[in-house]
Each structure stands twice: as C-alpha cells, then as structure tokens.
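J.: Provided herewith is a single structure, encoded as structure tokens, for subsequent inquiry.
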Amino acid sequence: MTLKCIIVDDEPIARKVIKSHLENFENVEVVSECKNAIQAFEVLKTKNVDLMFLDIQMPQISGMDFLKNLSYRPAVIITTAYRDYAVESFDFDVIDYLLKPISLERFLKAINRYYEKYQPLKKTLGENEGEFIYVKENKITNKVVLDEIVYVESMREYITIYTQERTITVKSSLTKFCDNLPKEAFVRIHSSFVISMSQVKSFSTTKIILKTGQVLPISRSYKNMVMAQLNL
C-alpha cells in the first residue's frame with residue numbers, strides 16, 4: 001500500500017531535503033508540497049493523506065496553530081529548527097519531532113515510528129482461515145478476520161468496526177481503513193459507513209438491510225456506485 005505524504009514548509013530547501021529522504025523508500029508518494037498552512041488545508045480537503053511533514057515557524061499561520069484548528073488530521077511528523085515546541089507538539093500525538101538539519105538516519109527512525117503506530121499488518125492465512133488485519137484499540141492489538149466484519153462506522157477521528165461477535169474502536173479515517181479492505185468484498189455506502197457485501201440481506205436505492213438486522217442509509221453521492229456493485 002502506498003504511503004501518501006504531504007510536505008508543509010515555507011523553505012524550499014527544507015522541502016527538497018524531506019522529498020529527497022523520502023525517495024529512499026518504496027511505495028511512498030508525495031501528493032503535495034505546500035509553502036504554508038493555508039495551502040496544506042486545501043490539499044487535506046481534497047486528497048487522501050496518510051502522513052504530514054509539518055514545519056512550525058511559517059508565515060500567517062504557524063504549524064502549531066494549524067494543528068489546533070484541524071478537525072481531522074493525518075499522522076504528523078514535525079520538522080523544525082526550534083526545540084521550544086517539542087513538549088506542546090506531543091499533545092497532538094505527533095509521530096516524531098525532527099530538528100533541522102535532518103539526517104537520513106534520524107529521518108528513517110521517524111518513518112519507522114509511523115509504520116509501527118499507524119500501518120496495520122495485513123496477512124493471508126490458509127484457505128480455511130482467510131484474510132485478517134491487525135488494529136489497535138487502547139494500545140491493545142486486535143486480530144480482525146475480514147470475513148467477520150459486518151460494517152464499519154466513522155465517527156470524527158475514529159472508526160468502529162462491527163464484527164459478528166464484538167466491536168472495536170480505532171483512531172483512523174474511514175478512507176484510510178478502506179485502503180486495507182478488498183474492494184470486491186466491501187462497499188462504501190455513505191461518508192460514515194462501509195459494509196461487507198456478504199452481510200447484505202436486502203436493499204433499496206436509499207438503504208441497506210444487513211443480515212444482523214441493522215438498517216443503514218445510502219447517501220446520494222454513493223448511490224450509483226453502490227447500486228453498480230450490489231447488482232454485479
């Protein structure tokens with residue numbers, strides 16, 4: 001799975017260094033380079049971003065103020081020449097705090113911390129067990145078999161995975177979580193809901209009724225895509 005990054009820094013040389021470091025890693029895409037927080041905000045509204053490299057001292061809006069005003073933010077690695085904001089930045093659950101100039105060795109440690117925290121492991125077992133993923137809930141790693149998922153619901157910065165036996169709440173966006181699901185087995189029916197195709201009991205153009213009894217809405221923006229997939 002490709003790691004999608006955004007670089008936010010008003011210094012062209014600093015952006016160039018980070019981009020150069022990222023070229024050492026496979027499956028990494030820089031979706032945008034922004035010279036201020038306003039540009040970054042527009043990018044985050046329209047693109048799926050997994051990891052943001054964020055400078056602190058920038059014109060108009062500082063990196064810290066930018067973080068304070070984001071209702072949903074991707075994982076963040078701070079890149080700055082100032083030590084002063086380290087303690088405050090970790091209140092925002094940042095992955096790491098890198099001081100410029102940033103060496104490749106130190107950069108590698110930061111990237112490894114991201115993968116350890118945010119990228120679930122995905123494995124394929126034998127034919128009788130099927131695919132599963134690992135997700136973290138309150139620092140506990142849970143194994144979730146994909147065939148057991150009934151639906152997934154988004155709630156601000158979190159998602160809740162409803163399986164046939166339990167529910168698990170994870171800090172993630174629904175879009176990011178969907179990247180780990182096989183497209184032929186799951187369908188997004190609403191900005192807040194993804195369902196398992198195998199759990200559908202009946203449906204209309206406005207709602208889905210699952211085998212477990214839940215009735216979930218189909219939004220207008222997803223209706224055509226849902227109908228196409230359900231009628232395959």
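Labels for the structure tokens follow display order: chains A, B, ..., residues from 1 in each chain, ligands from 1.
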Show me, as a PyMOL selection string, the residues that have an atom within 6 Å of range 183-196 of chain A when counting only C-alpha atoms, minus same-chain residues fewer than 6 positions from it.

T.: chain A and resi 150-154+218-219+222

J.: Using only C-alpha atoms, what does the table of range 80-145 of chain A residues within 8 Å of range 165-178 of chain A look like, with each row giving the shortest atom pair and its distance in Å to one decimal, sorted by chain and ascending number, as a Markdown table?

T.:
| residue | atom | partner | partner_atom | distance |
| --- | --- | --- | --- | --- |
| A:Val135 | CA | A:Val170 | CA | 7.1 |
| A:Lys136 | CA | A:Val170 | CA | 6.2 |
| A:Glu137 | CA | A:Val170 | CA | 5.4 |

J.: Would you mind exporting the chosen residues as a PDB file, in the first residue's frame, restricted to all heavy atoms?

T.:
ATOM      1  N   VAL A 135      -5.508  -4.366  14.182  1.00  0.00           N
ATOM      2  CA  VAL A 135      -5.840  -2.966  14.502  1.00  0.00           C
ATOM      3  C   VAL A 135      -5.642  -2.751  15.991  1.00  0.00           C
ATOM      4  O   VAL A 135      -5.772  -3.676  16.793  1.00  0.00           O
ATOM      5  CB  VAL A 135      -7.294  -2.621  14.103  1.00  0.00           C
ATOM      6  CG1 VAL A 135      -7.480  -2.682  12.607  1.00  0.00           C
ATOM      7  CG2 VAL A 135      -8.286  -3.539  14.806  1.00  0.00           C
ATOM      8  N   LYS A 136      -5.312  -1.502  16.361  1.00  0.00           N
ATOM      9  CA  LYS A 136      -5.049  -1.189  17.767  1.00  0.00           C
ATOM     10  C   LYS A 136      -6.214  -0.438  18.395  1.00  0.00           C
ATOM     11  O   LYS A 136      -6.722   0.528  17.840  1.00  0.00           O
ATOM     12  CB  LYS A 136      -3.773  -0.353  17.899  1.00  0.00           C
ATOM     13  CG  LYS A 136      -2.501  -1.159  17.708  1.00  0.00           C
ATOM     14  CD  LYS A 136      -1.271  -0.331  18.039  1.00  0.00           C
ATOM     15  CE  LYS A 136       0.001  -1.179  17.912  1.00  0.00           C
ATOM     16  NZ  LYS A 136       1.215  -0.403  18.265  1.00  0.00           N
ATOM     17  N   GLU A 137      -6.616  -0.894  19.573  1.00  0.00           N
ATOM     18  CA  GLU A 137      -7.641  -0.226  20.368  1.00  0.00           C
ATOM     19  C   GLU A 137      -7.112  -0.081  21.789  1.00  0.00           C
ATOM     20  O   GLU A 137      -6.856  -1.078  22.466  1.00  0.00           O
ATOM     21  CB  GLU A 137      -8.946  -1.030  20.373  1.00  0.00           C
ATOM     22  CG  GLU A 137     -10.050  -0.382  21.182  1.00  0.00           C
ATOM     23  CD  GLU A 137     -11.305  -1.241  21.242  1.00  0.00           C
ATOM     24  OE1 GLU A 137     -11.176  -2.464  21.451  1.00  0.00           O
ATOM     25  OE2 GLU A 137     -12.403  -0.693  21.081  1.00  0.00           O
TER      26      GLU A 137
END

J.: Looking at only C-alpha atoms, which of A:Asp50, A:Glu42, A:Glu29, A:Glu23 is the one that sits closest to Pro74 in chain A?

T.: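 Smallest separation from Pro74 in chain A among the options: A:Asp50.
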
J.: List the spatial neighbours of Asp9 in chain A as a ChimeraX atom specification - criterion: any atom at most 10 Å away, only C-alpha atoms, same-chain residues fewer than 6 positions off excluded.

T.: /A:15-16,18,33-37,40,53-59,63,79-80

J.: Store the residues picked out above, limited to N, CA and C atoms, as a JSON list (two decimals), in the first residue's frame.

T.:
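Writing done, so here's selection.json:
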[["chain", "number", "residue", "atom", "x", "y", "z"],
["A", 15, "ARG", "N", 11.90, 21.62, 2.08],
["A", 15, "ARG", "CA", 11.01, 20.71, 1.36],
["A", 15, "ARG", "C", 11.80, 19.75, 0.49],
["A", 16, "LYS", "N", 12.85, 20.26, -0.14],
["A", 16, "LYS", "CA", 13.69, 19.45, -1.02],
["A", 16, "LYS", "C", 14.40, 18.35, -0.25],
["A", 18, "ILE", "N", 13.43, 16.88, 2.62],
["A", 18, "ILE", "CA", 12.46, 15.86, 3.02],
["A", 18, "ILE", "C", 12.08, 14.99, 1.83],
["A", 33, "GLU", "N", 3.42, 19.51, -2.10],
["A", 33, "GLU", "CA", 4.37, 20.30, -1.33],
["A", 33, "GLU", "C", 3.74, 21.68, -1.13],
["A", 34, "CYS", "N", 3.62, 22.10, 0.13],
["A", 34, "CYS", "CA", 2.94, 23.36, 0.44],
["A", 34, "CYS", "C", 3.88, 24.30, 1.18],
["A", 35, "LYS", "N", 3.80, 25.58, 0.85],
["A", 35, "LYS", "CA", 4.68, 26.55, 1.49],
["A", 35, "LYS", "C", 4.02, 27.25, 2.67],
["A", 36, "ASN", "N", 2.75, 26.93, 2.94],
["A", 36, "ASN", "CA", 2.09, 27.47, 4.13],
["A", 36, "ASN", "C", 0.90, 26.60, 4.52],
["A", 37, "ALA", "N", 0.35, 26.90, 5.69],
["A", 37, "ALA", "CA", -0.74, 26.08, 6.24],
["A", 37, "ALA", "C", -2.03, 26.20, 5.42],
["A", 40, "ALA", "N", -1.87, 23.82, 2.63],
["A", 40, "ALA", "CA", -2.00, 22.46, 3.17],
["A", 40, "ALA", "C", -3.44, 22.13, 3.51],
["A", 53, "PHE", "N", 4.44, 16.07, 6.94],
["A", 53, "PHE", "CA", 5.66, 16.64, 7.50],
["A", 53, "PHE", "C", 5.40, 18.14, 7.66],
["A", 54, "LEU", "N", 5.46, 18.63, 8.90],
["A", 54, "LEU", "CA", 4.97, 19.97, 9.18],
["A", 54, "LEU", "C", 6.02, 20.83, 9.89],
["A", 55, "ASP", "N", 6.35, 21.96, 9.28],
["A", 55, "ASP", "CA", 7.22, 22.96, 9.91],
["A", 55, "ASP", "C", 6.38, 23.77, 10.91],
["A", 56, "ILE", "N", 7.05, 24.41, 11.86],
["A", 56, "ILE", "CA", 6.32, 25.19, 12.87],
["A", 56, "ILE", "C", 6.33, 26.68, 12.55],
["A", 57, "GLN", "N", 7.50, 27.25, 12.33],
["A", 57, "GLN", "CA", 7.61, 28.68, 12.06],
["A", 57, "GLN", "C", 7.32, 28.96, 10.59],
["A", 58, "MET", "N", 6.08, 29.35, 10.31],
["A", 58, "MET", "CA", 5.68, 29.69, 8.94],
["A", 58, "MET", "C", 4.89, 30.99, 8.97],
["A", 59, "PRO", "N", 4.86, 31.72, 7.85],
["A", 59, "PRO", "CA", 4.09, 32.97, 7.81],
["A", 59, "PRO", "C", 2.59, 32.73, 7.90],
["A", 63, "GLY", "N", 2.69, 26.23, 12.40],
["A", 63, "GLY", "CA", 2.35, 24.82, 12.38],
["A", 63, "GLY", "C", 1.52, 24.39, 13.57],
["A", 79, "THR", "N", 8.89, 18.99, 11.61],
["A", 79, "THR", "CA", 10.24, 19.26, 11.10],
["A", 79, "THR", "C", 10.53, 20.73, 11.34],
["A", 80, "THR", "N", 11.47, 21.03, 12.22],
["A", 80, "THR", "CA", 11.68, 22.42, 12.62],
["A", 80, "THR", "C", 13.11, 22.67, 13.06]]

J.: If you count only C-alpha atoms, which residues fall within 10 Å of Asp93 in chain A, apart from same-chain ones fewer than 4 positions away, as a list in words?

T.: Ala75, Val76, Ile77, Glu88 and Ser89 of chain A

J.: What does the distance from CA of Ser198 in chain A to CA of Met225 in chain A come to in Å, to one decimal?

T.: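 Between these atoms lies a distance of 16.9 Å.
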
J.: So how far away is CA of Lys139 in chain A from CA of Lys45 in chain A, in Å?

T.: 28.9 Å

J.: Leaving out Ser20 in chain A and any residue of its chain fewer than 5 positions from it, which residues lie within 12 Å of it when counting only C-alpha atoms, given as a VMD selection string?

T.: chain A and resid 7 13 to 15 25 28 to 30 102 to 104 107

J.: Can you list, as a ChimeraX atom specification, every residue of range 9-207 of chain A that DSSP puts in strand (DSSP E)?

T.: /A:28-34,51-54,75-80,96-99,122-124,131-137,140-145,149-155,158-163,167-171,186-190,193-196,200-203,207

J.: Within chain A, find each residue whose DSSP state, derived from the backbone, is helix (DSSP H, G or I), and express the selection as an NGL selection string.

T.: :A and (12-22 or 37-46 or 63-68 or 86-92 or 104-118 or 146-148 or 174-178 or 197-199 or 220-230)

J.: Rounded to one decimal in Å, what is the spacing between CA of Thr206 in chain A and CA of Ser221 in chain A?

T.: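 Those two atoms sit 11.1 Å apart.
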